[in-house]
Every structure is written in structure tokens, then in C-alpha cells.
Amino acid sequence: MWQPPDRIKHVLPAAQWPTAEEAAASPLFTPVALGPRTAQQRTWVPAMVPWRASDDGFVTDDVIAWYRRFAEGKPGVIVVEATGIRDIPSGPLLRIGHERFVPGLTRLADAVREASGGASLLFIQIIDFLAIKRRPPRDKFLERFLEITARHRTLLADHTGDAAIADAPERDVRAALARLDDAALREVLSHREVEDLDFGYRERVTDTHLPHIRELPQVLPGLFADAADRAMRAGFDGVELHYAHAYTMASFLSARNDRTDGYGGPREQRIRLPLEVARAVRERVAGRGAVGCRYLGDDVIAGGNQLDDAMWFGVALAKAGLDYLSVSKGGRFEDAKQPKVGASAYPYTGPSGYECMPTIYSDARGPFSRNVPLAGAIRAAVRAADLGTPVIAAGGICEFHQAQDVIANGEADLVASARQTLADPDWWLKMRLGRGAEIRRCEFTNYCEALDQQHKQVTCKLWDRERLDEPDVVLAQDGKRRLVPPGWR
Ligand SMILES: Cc1cc2nc3c(=O)[nH]c(=O)nc-3n(C[C@H](O)[C@H](O)[C@H](O)COP(=O)(O)O)c2cc1C
Ligand code: SF4
């Protein structure tokens, strides 16, 4: 993972855990309405992909155990990981793109309700993403993947001085390209072809020469609405539209989207599809649950959205009737690290990925509450437009006063905590019961994130080797790690 060049090792915010009485009086533990649902407290577990689904996208017992464990901590809201809305193979990522997924998702919703005693609302994050391929070896790219064009022939003729290459059979053109040294090859290939060679082919929302990309605005509202309907029938309390990070909807919102079909360019056009999706989903959900979205307060890439874009989008999304706005940051493909040959680019490996999940090795600002100012500015813009839509902040929130201050200062209406909850799913409950001294504190070194990056079952280094001899412990595929934290005794 990328780290700031001027990094220093920070210390965790000093822990001042509340007594049970102080917790009972804290704004953190007061209810808040999220559209037609009410969260019992302002604590939130944001989406985290744990790589527990079956290879064909179904809920497994491991998925259920994972969310059941979060539910035992009784947070206000748990958001189930990014779940694909299409009926296409996508490895062990949860899917909701067909009726056959509904029974498993129903089992999941029932299990969470039972484990939290009805205290936690359960939402599901629904996502669309575009195709991405592994970085190819040079010879394979030139032999098979590169589409030979007239431009290659002309430039190759210039480079080699062999005019006959202009009309030569394709295999001779490929062979001539393979003989070029790297510098010459890069002059003959287009910018996009060089990217495909260096990083692996990746579709973008601006590839409107491809019919299925051109038609995204016609297709996506229906796919999202169908997925949301399935979530409602499975018993979820809400759906979260994934408009953040590296995926399709965030890419429509991004200032890098220069589509010329009315869905790119100025802000009004970039937000057109996200609003059309929101409208279709709201109509289909029809008050059966909350409909919110997660989006970026800052893309953190050159030419991408910045906070002023996000404030403007926040007002538009709130006006469109979304029941909450959950603010994240970065996590884009554009600045991702070059993958090794045979691996795929991963969107959390560059500076924008760092901003999404900042570590303890940070710049002077440090990782704690790092992204709260984005949520604060978006919330202020939404309130200035006379809209009461709840805003959720995330990023390095891991201590009672820190979390409470976010609410008390009016920077957000709910606080989300991913890694601290992974380190100790009971931390919310421990705070409430005045037993904060027993909280296992996240160290923000991103062992969990490294597992996620390798598509390995995500666990936390603070508990995954603990009490392995307990009965019924389920181990990861490597046989060395337990998959859920031990129970709180
Ligand atoms: C293992 C892992 C998986 C994640 N998966 C998702 C995801 O599916 N959807 C999403 O919006 N964010 C995802 N995130 C980002 C978190 O929701 C959160 O925004 C980020 O970790 C920063 O919050 P934190 O400092 O409380 O961990 C993931 C984070 C981790 C560590
Ligand atoms: S693995 Fe590290 S960063 Fe991840 S939750 Fe555990 S302590 Fe926190």
C-alpha cells in the first residue's frame, strides 16, 4: 500500500471510555431516523468485503457468522458488503442479481436480527462494476489482445523503414511489434494501449464505443431497482447505493467523466445517472426500507472531484430524497500501483487508496477522524439547502470522545467505524455498558486490508490466532486463522 513520503508513526487517540451513565447521556447513543427506519443509536458499521461468499456469489455459513458477530455488538446500523447487482460471475463476492440469491440473503437478515435482538438495522450495499483483466505478459498482449489498427501499421512503417508493413498480414505486424524495444513500442502504441499493457485492460464509463458501456444509463436504473426489491423481500431494512470508490457510479460522478451523451461533462450531467438510479430504486422500494448512498467527498486523483463537487452532489442527492449520505474518500483505480504480470490492478494501492483507509503511518494530520471534515462540509451544504438528510462520517474513528465529538460538533449525524469494529465488534456495546477498558483497540496497520487486496478471507491480527482450540472454531482456508473473533466473555 502507498504511504505518505513524510510519514510518522502516530499514537492512538487517548482512550477515555465512558461510564454506563455517561454513555446513556451521550448523543452517540440516541436514535436517529433514516427515512422510514429509525436507528437506535448513531453508530454504524460500514460495508467491508470479507471474502466469505461462495465462488458463485451466494451467502455461506461463514458470511452469516461474520455479520452475526457484528450484530452481537448491537451497533445502530450494519451495512452488508458491496454486493453485485448483475447476474454475472464475479468470484467470491456476494451477489443479488437474481432471485436465486434471495433465500441466502433472507437467512442472513434473519440471523442479524436475531443476534442483535432487533437492536441493529441491516442495510446492504449494492454495486455495479466494470470489467477488469489481469496485467498480461508483453508477448501475450502483442500476440492476442492488442487490436491491430491502421495507426500501428503507419507508425511501424516509420519506425522500421519497412513500407510493406502497411499491407502485411496481421501476424507479421504483431511479430514486428514484438521485435521493437520497449521505448519504440510505447511510441507505436496509443496511450490507452500502453495502459492496457502496463496495468491490464480495464473498462471505463467513457468507453462509449462499446455498446454495453454506451447503454449503461438505460440499463442500470432497472438493475439497481431489481436488486433493491430483492433486498426488501429478503428482509433488509435498507439499501445503500454504492456511488463511491473505483466503481461504475462513482466514475459517472467523477470530473474525469467526459461522456458527451448527456451523462458526462458538467456536474448536472455527471449526476444525471446517479439521480435516475436513485429515483428508480426509491420508486421500487416504495417506503419498505431506507434508500441511501455512499459517495466520495473527494476523489483524490488529478482531474477528479474535489470537496466542492461533493457538496454540490450532496445537496442534489438529498433533494432527490435519499434517506442518508455516507461519505467516503478516494479508493480509485486511476492512481493504483502497477500490478505484477498476471495480477489485476487494485484501487486501494495509490494515494487515493491511502486516503480511503489511512494507516497509523501518516502525514502530520494523522489517520484519526481524517475524513470527518469532508462529511462536515457536505452536511453544512445540505443543511444550508434546508434539508435534514443524515450524513455519515468514516475514517479512523476508534474512541468514544472522538466519535461523540463528531456528532456533538454537527459534523455528521452518525459515525461509521470499519476497522475498529473488525478489531472488536463488541466495542459499541462495551462503551454502552461502561466497560470500555475491555475494548481491543485497532492498530491501523492494515493487515486486514492486505488480506482484502489478495482476495483472502479478511481477519484481524489481534484475534485471528486466539483461542484456536475452542470447540466449533472455523478456520480460514490457510488453516491458521479463525474467521470470527472469539466471543466476549
Ligand atoms: C477489508 C475492508 C473491506 C472494505 N470493503 C468495503 C466495501 O465493500 N464497500 C465500501 O464502501 N467500503 C469498504 N471498505 C472501506 C470501509 O468501509 C471504510 O470506509 C474504511 O475502512 C475507512 O474507515 P475506518 O477507518 O473506520 O476503517 C472496506 C474496508 C476494509 C478494511
Ligand atoms: S488487522 Fe490491524 S488495521 Fe485491521 S482491524 Fe485489526 S488491528 Fe485494525
# chains A, B, ... in the order shown; residues from 1 in each chain; ligands from 1
$ closest_atom_pairs --of "chain A" --to "ligand 2" --cutoff "7 Å" --atoms "only C-alpha atoms and all ligand atoms" --output "tab-separated table"
residue	atom	partner	partner_atom_place_in_ligand_line	distance
A:Arg419	CA	ligand 2	5 (S)	4.1
A:Gln420	CA	ligand 2	5 (S)	5.7
A:Leu422	CA	ligand 2	5 (S)	4.8
A:Ala423	CA	ligand 2	5 (S)	4.3
A:Arg441	CA	ligand 2	7 (S)	6.9
A:Cys442	CA	ligand 2	8 (Fe)	3.8
A:Glu443	CA	ligand 2	7 (S)	4.2
A:Phe444	CA	ligand 2	3 (S)	3.7
A:Thr445	CA	ligand 2	3 (S)	4.6
A:Asn446	CA	ligand 2	3 (S)	3.8
A:Tyr447	CA	ligand 2	1 (S)	4.3
A:Cys448	CA	ligand 2	1 (S)	4.2
A:Glu449	CA	ligand 2	4 (Fe)	6.5
A:Thr459	CA	ligand 2	1 (S)	6.5
A:Cys460	CA	ligand 2	1 (S)	3.7
A:Lys461	CA	ligand 2	1 (S)	4.6
A:Leu462	CA	ligand 2	6 (Fe)	5.6
$ select_by_dssp --residues "segment 344-446 of chain A" --states "strand (DSSP E)" --output "ChimeraX atom specification"
/A:361-362,391-393,414-416
$ write_last_selection --atoms "C-alpha atoms" --output "compact mmCIF listing (two decimals), in the first residue's frame"
# COMPACT_ATOMS: atom_id res chain seq x y z
CA TYR A 361 1.93 5.71 9.48
CA SER A 362 0.57 9.01 8.28
CA VAL A 391 -24.77 12.35 6.92
CA ILE A 392 -22.40 9.56 7.97
CA ALA A 393 -18.66 10.10 8.54
CA LEU A 414 -23.86 9.04 12.60
CA VAL A 415 -20.29 7.77 12.92
CA ALA A 416 -19.03 4.79 10.98
$ closest_residue --among "A:Ala278, A:Val406, A:Ile397, A:Ile126" --to "Pro373 of chain A" --atoms "only C-alpha atoms"
A:Val406
$ residues_around --residues "segment 154-163 of chain A" --least-positions-apart "4" --cutoff "10 Å" --atoms "only C-alpha atoms" --output "JSON, numbers by chain"
{"A": [149, 150, 167, 168, 173, 176, 177, 180, 184, 185, 187, 188, 189]}
$ residues_near_ligand --ligand "ligand 1" --cutoff "6 Å" --atoms "only C-alpha atoms and all ligand atoms" --output "list of chain:residue names"
A:Pro46, A:Ala47, A:Met48, A:Val49, A:Pro50, A:Glu81, A:Ala82, A:Ser328, A:Cys356, A:Met357, A:Ala394, A:Gly395, A:Gly396, A:Ile397, A:Ser417, A:Ala418, A:Arg419, A:Cys448, A:Glu449, A:Asp452
$ residues_around --residues "Tyr201 of chain A" --least-positions-apart "3" --cutoff "12 Å" --atoms "only C-alpha atoms" --output "list in words"
Leu130, Ala131, Ile132, Lys133, Arg134, Arg135, Pro136, Phe141, Phe145, Leu146, Arg192, Glu193, Val194, Glu195, Asp196, Leu197, Asp198, Arg204, Phe333, Pro339, Gly342, Ala343, Ser344 and Ala345 of chain A
$ write_last_selection --atoms "C-alpha atoms" --output "PDB file, in the first residue's frame"
ATOM      1  CA  LEU A 130     -16.991  -2.800 -14.970  1.00  0.00           C
ATOM      2  CA  ALA A 131     -14.669  -5.451 -16.393  1.00  0.00           C
ATOM      3  CA  ILE A 132     -11.028  -5.532 -15.412  1.00  0.00           C
ATOM      4  CA  LYS A 133      -8.403  -8.000 -16.655  1.00  0.00           C
ATOM      5  CA  ARG A 134      -5.065  -9.120 -15.271  1.00  0.00           C
ATOM      6  CA  ARG A 135      -1.863  -7.467 -16.462  1.00  0.00           C
ATOM      7  CA  PRO A 136      -0.754  -9.583 -19.440  1.00  0.00           C
ATOM      8  CA  PHE A 141      -0.547  -8.875 -25.207  1.00  0.00           C
ATOM      9  CA  PHE A 145      -5.003  -8.883 -27.011  1.00  0.00           C
ATOM     10  CA  LEU A 146      -3.873  -5.876 -28.997  1.00  0.00           C
ATOM     11  CA  ARG A 192      -4.633   3.617 -23.711  1.00  0.00           C
ATOM     12  CA  GLU A 193      -2.882   0.583 -25.228  1.00  0.00           C
ATOM     13  CA  VAL A 194       0.209   1.300 -23.127  1.00  0.00           C
ATOM     14  CA  GLU A 195      -2.043   1.363 -20.040  1.00  0.00           C
ATOM     15  CA  ASP A 196      -3.605  -1.954 -21.050  1.00  0.00           C
ATOM     16  CA  LEU A 197      -0.118  -3.431 -21.382  1.00  0.00           C
ATOM     17  CA  ASP A 198       1.216  -1.993 -18.125  1.00  0.00           C
ATOM     18  CA  ARG A 204     -14.222   2.836 -18.181  1.00  0.00           C
ATOM     19  CA  PHE A 333      -8.110   2.983  -9.984  1.00  0.00           C
ATOM     20  CA  PRO A 339       0.219  -4.847 -10.631  1.00  0.00           C
ATOM     21  CA  GLY A 342      -0.725 -11.968 -14.022  1.00  0.00           C
ATOM     22  CA  ALA A 343      -2.344  -9.827 -11.290  1.00  0.00           C
ATOM     23  CA  SER A 344      -5.094  -7.191 -11.536  1.00  0.00           C
ATOM     24  CA  ALA A 345      -4.817  -3.541 -10.579  1.00  0.00           C
TER      25      ALA A 345
END
$ residues_around --residues "Gly292 of chain A" --least-positions-apart "2" --cutoff "8 Å" --atoms "only C-alpha atoms" --output "list in words"
Gly238, Val239, Glu240, Leu241, Ala290, Arg294, Leu322, Asp323, Tyr324, Leu325 and Ser326 of chain A
$ closest_residue --among "A:Arg202, A:Arg282, A:Lys480, A:Arg379" --to "Pro36 of chain A" --atoms "only C-alpha atoms"
A:Arg282
$ residues_around --residues "Ser26 of chain A" --least-positions-apart "2" --cutoff "10 Å" --atoms "only C-alpha atoms" --output "list in words"
Pro18, Ala20, Glu21, Glu22, Ala23, Ala24, Leu28, Phe29, Thr30, Gln41, Phe400, His401, Gln404, Asp405, Ile407, Ala408 and Arg432 of chain A
$ closest_residue --among "A:Asp110, A:Ala71, A:His455, A:Phe224" --to "Arg86 of chain A" --atoms "only C-alpha atoms"
A:Phe224
$ atom_distance --atom1 "atom CA of Ala336 of chain A" --atom2 "atom CA of Thr349 of chain A"
5.0 Å
$ closest_residue --among "A:Phe129, A:Phe70, A:Phe313, A:Phe236" --to "Ile271 of chain A" --atoms "only C-alpha atoms"
A:Phe313
$ select_by_dssp --residues "segment 40-210 of chain A" --states "helix (DSSP H, G or I)" --output "ChimeraX atom specification"
/A:61-72,99-116,138-145,150-160,163-167,170-179,182-188,191-199
$ write_last_selection --atoms "C-alpha atoms" --output "mmCIF file, in the first residue's frame"
data_model
loop_
_atom_site.group_PDB
_atom_site.id
_atom_site.type_symbol
_atom_site.label_atom_id
_atom_site.label_comp_id
_atom_site.auth_asym_id
_atom_site.auth_seq_id
_atom_site.Cartn_x
_atom_site.Cartn_y
_atom_site.Cartn_z
ATOM 1 C CA ASP A 61 -22.395 -20.019 6.755
ATOM 2 C CA ASP A 62 -19.164 -18.004 7.037
ATOM 3 C CA VAL A 63 -20.936 -14.882 5.740
ATOM 4 C CA ILE A 64 -23.657 -15.383 8.320
ATOM 5 C CA ALA A 65 -21.155 -15.956 11.135
ATOM 6 C CA TRP A 66 -19.307 -12.767 10.167
ATOM 7 C CA TYR A 67 -22.382 -10.492 10.303
ATOM 8 C CA ARG A 68 -23.842 -12.291 13.297
ATOM 9 C CA ARG A 69 -20.654 -11.428 15.179
ATOM 10 C CA PHE A 70 -21.003 -7.728 14.276
ATOM 11 C CA ALA A 71 -24.639 -7.846 15.362
ATOM 12 C CA GLU A 72 -23.646 -9.058 18.835
ATOM 13 C CA GLU A 99 -33.961 -14.440 -7.475
ATOM 14 C CA ARG A 100 -31.828 -17.465 -6.564
ATOM 15 C CA PHE A 101 -29.794 -15.235 -4.211
ATOM 16 C CA VAL A 102 -32.832 -14.183 -2.152
ATOM 17 C CA PRO A 103 -33.116 -17.233 0.157
ATOM 18 C CA GLY A 104 -29.481 -16.922 1.330
ATOM 19 C CA LEU A 105 -29.838 -13.184 1.868
ATOM 20 C CA THR A 106 -33.028 -13.820 3.839
ATOM 21 C CA ARG A 107 -31.141 -16.230 6.110
ATOM 22 C CA LEU A 108 -28.520 -13.518 6.616
ATOM 23 C CA ALA A 109 -31.067 -10.822 7.511
ATOM 24 C CA ASP A 110 -32.826 -13.196 9.939
ATOM 25 C CA ALA A 111 -29.543 -14.138 11.619
ATOM 26 C CA VAL A 112 -28.534 -10.499 12.174
ATOM 27 C CA ARG A 113 -31.948 -9.594 13.561
ATOM 28 C CA GLU A 114 -31.765 -12.495 15.985
ATOM 29 C CA ALA A 115 -28.165 -11.815 17.084
ATOM 30 C CA SER A 116 -28.749 -8.108 17.759
ATOM 31 C CA ARG A 138 4.161 -8.492 -23.130
ATOM 32 C CA ASP A 139 4.297 -11.326 -25.690
ATOM 33 C CA LYS A 140 0.722 -12.456 -24.987
ATOM 34 C CA PHE A 141 -0.547 -8.875 -25.207
ATOM 35 C CA LEU A 142 1.045 -8.364 -28.610
ATOM 36 C CA GLU A 143 0.103 -11.812 -29.903
ATOM 37 C CA ARG A 144 -3.531 -11.905 -28.767
ATOM 38 C CA PHE A 145 -5.003 -8.883 -27.011
ATOM 39 C CA ALA A 150 -4.017 1.309 -39.387
ATOM 40 C CA ARG A 151 -2.241 3.612 -36.938
ATOM 41 C CA HIS A 152 0.023 0.777 -35.782
ATOM 42 C CA ARG A 153 0.896 -0.047 -39.378
ATOM 43 C CA THR A 154 1.746 3.559 -40.257
ATOM 44 C CA LEU A 155 3.868 4.167 -37.160
ATOM 45 C CA LEU A 156 5.541 0.798 -37.503
ATOM 46 C CA ALA A 157 6.447 1.584 -41.137
ATOM 47 C CA ASP A 158 8.027 4.869 -39.933
ATOM 48 C CA HIS A 159 9.966 3.130 -37.168
ATOM 49 C CA THR A 160 11.237 0.184 -39.162
ATOM 50 C CA ALA A 163 6.791 0.460 -46.022
ATOM 51 C CA ALA A 164 5.479 -3.040 -46.838
ATOM 52 C CA ILE A 165 4.300 -3.484 -43.239
ATOM 53 C CA ALA A 166 1.378 -1.181 -44.062
ATOM 54 C CA ASP A 167 -0.261 -4.016 -46.047
ATOM 55 C CA GLU A 170 -1.717 -9.140 -39.170
ATOM 56 C CA ARG A 171 0.603 -11.831 -37.823
ATOM 57 C CA ASP A 172 3.592 -10.064 -39.435
ATOM 58 C CA VAL A 173 2.529 -6.776 -37.847
ATOM 59 C CA ARG A 174 2.340 -8.487 -34.433
ATOM 60 C CA ALA A 175 5.744 -10.065 -34.958
ATOM 61 C CA ALA A 176 7.236 -6.680 -35.944
ATOM 62 C CA LEU A 177 5.745 -5.081 -32.827
ATOM 63 C CA ALA A 178 7.213 -7.850 -30.671
ATOM 64 C CA ARG A 179 10.666 -7.136 -32.110
ATOM 65 C CA ASP A 182 10.150 -1.120 -25.108
ATOM 66 C CA ALA A 183 10.747 2.557 -25.848
ATOM 67 C CA ALA A 184 9.870 2.136 -29.531
ATOM 68 C CA LEU A 185 6.836 0.003 -28.732
ATOM 69 C CA ARG A 186 5.481 2.738 -26.460
ATOM 70 C CA GLU A 187 5.710 5.221 -29.323
ATOM 71 C CA VAL A 188 3.722 2.959 -31.624
ATOM 72 C CA HIS A 191 -1.743 5.939 -24.515
ATOM 73 C CA ARG A 192 -4.633 3.617 -23.711
ATOM 74 C CA GLU A 193 -2.882 0.583 -25.228
ATOM 75 C CA VAL A 194 0.209 1.300 -23.127
ATOM 76 C CA GLU A 195 -2.043 1.363 -20.040
ATOM 77 C CA ASP A 196 -3.605 -1.954 -21.050
ATOM 78 C CA LEU A 197 -0.118 -3.431 -21.382
ATOM 79 C CA ASP A 198 1.216 -1.993 -18.125
ATOM 80 C CA PHE A 199 -1.853 -2.438 -15.906
#
$ closest_residue --among "A:Gly264, A:Pro89, A:Pro217, A:Gly235" --to "Glu276 of chain A" --atoms "only C-alpha atoms"
A:Pro217
$ residues_around --residues "Ala244 of chain A" --least-positions-apart "6" --cutoff "10 Å" --atoms "only C-alpha atoms" --output "list in words"
Ile127, Ala250, Ser251, Leu253, Ser254, Cys293, Arg294, Tyr295, Leu296, Gly297, Asp298, Asp299, Ser326, Val327, Ser328, Lys329, Gly330, Gly331 and Arg332 of chain A
$ closest_residue --among "A:Asp309, A:Asp87, A:Glu438, A:Asp237" --to "Glu268 of chain A" --atoms "only C-alpha atoms"
A:Asp309
